[in-house]
Amino acid sequence: LRVGTTGDFNPMSFRDTATNSYAGYDIEAMTQLAADLGVEIEWVVAEWATITAGIAADRYDIFSGASVNVSRARVAAFSVPYTEAGTVPLSLAGNAGRFETWESINQASVRVAVSMGTVFEEQARAHFPDAEIQGVQSPATGFQEVLSGRADVTITSNVEGGTLVSRFPELRILVPGSEMRNRRPFAYVVAQDDQVWLNFVNTWVTLKRTEGFFDGLNRRWLGQS
């Protein structure tokens, strides 16, 4: 089973420096999928900006998990969702008083850094039309731009945001969970022209959700009760 993954989205897919191997929520799920199929797994390095291109070029059979959006759905197929996330803004702790609301970020003097080709770039341009949107190219990330002082704010999912503030005490999530925006499902990405494979993945996700497999991953990796 060829699985495309970026390895840069902790805790969903990241590199374990101790073993130099992939780890995370989606890595564990894809490993279970391969086990249930009775096949070996091959990890294929992918980038967010070329997820659907990798599927179309037959570089991998499935992408290890992405938020659902219309632009991707035009050229690739999504499985039924397996979990949900929302978007939150992050900044340095010293800026928490300056950016207490989403609206306070939408100012011409505010620099918002986001990774190019991601849903967060789309969202930043929609939520902050008056701000300066800085698209950063991989391997650079939005939060690194904030830490370095080259940007004031970045946005990411609550999933990654929780991990980042644990790793970097100088970062803060600027709004409470109840004010998350762009709540969206996460699903697996496969080719549009292989209905049999899509049907299988959908059935597998449905069974695993019913069995509590994804509930276990939500608790272990996302801290959800």
# chains A, B, ... in the order shown; residues from 1 in each chain; ligands from 1
call {"tool": "residues_around", "arguments": {"residues": "range 94-106 of chain A", "least_positions_apart": "3", "cutoff": "6 Å", "atoms": "only C-alpha atoms", "output": "PDB file with N, CA and C atoms, in the first residue's frame"}}
result
ATOM      1  N   PHE A 128      -8.761  37.617   6.622  1.00  0.00           N
ATOM      2  CA  PHE A 128      -7.968  38.825   6.884  1.00  0.00           C
ATOM      3  C   PHE A 128      -7.662  39.581   5.590  1.00  0.00           C
ATOM      4  N   ASP A 130      -7.633  42.632   4.935  1.00  0.00           N
ATOM      5  CA  ASP A 130      -6.903  43.879   5.131  1.00  0.00           C
ATOM      6  C   ASP A 130      -5.480  43.652   5.635  1.00  0.00           C
ATOM      7  N   ALA A 131      -5.176  42.438   6.083  1.00  0.00           N
ATOM      8  CA  ALA A 131      -3.856  42.144   6.624  1.00  0.00           C
ATOM      9  C   ALA A 131      -2.869  41.815   5.505  1.00  0.00           C
TER      10      ALA A 131
END
call {"tool": "select_by_dssp", "arguments": {"residues": "range 36-133 of chain A", "states": "strand (DSSP E or B)", "output": "JSON, numbers by chain"}}
result
{"A": [42, 43, 44, 45, 62, 63, 64, 65, 66, 67, 77, 78, 83, 84, 85, 86, 87, 88, 89, 90, 91, 92, 111, 112, 113, 114, 115, 132, 133]}
call {"tool": "residues_around", "arguments": {"residues": "Thr156 in chain A", "least_positions_apart": "5", "cutoff": "9 Å", "atoms": "only C-alpha atoms", "output": "PyMOL selection string"}}
result
chain A and resi 86-90+114+120+142-143+161
call {"tool": "residues_around", "arguments": {"residues": "range 23-31 of chain A", "least_positions_apart": "6", "cutoff": "7 Å", "atoms": "only C-alpha atoms", "output": "ChimeraX atom specification"}}
result
/A:10-16,64-65,217,221
call {"tool": "closest_residue", "arguments": {"among": "A:Asn158, A:Gln123, A:Thr163, A:Thr206", "to": "Pro176 in chain A", "atoms": "only C-alpha atoms"}}
result
A:Asn158
call {"tool": "closest_residue", "arguments": {"among": "A:Ala93, A:Val153, A:Ala126, A:Ala73", "to": "Val112 in chain A", "atoms": "only C-alpha atoms"}}
result
A:Val153
call {"tool": "closest_residue", "arguments": {"among": "A:Asp58, A:Arg2, A:Arg72, A:Thr52", "to": "Glu40 in chain A", "atoms": "only C-alpha atoms"}}
result
A:Arg2
call {"tool": "residues_around", "arguments": {"residues": "Ala49 in chain A", "least_positions_apart": "5", "cutoff": "8 Å", "atoms": "only C-alpha atoms", "output": "list in words"}}
result
Met116, Gly117 and Thr118 of chain A
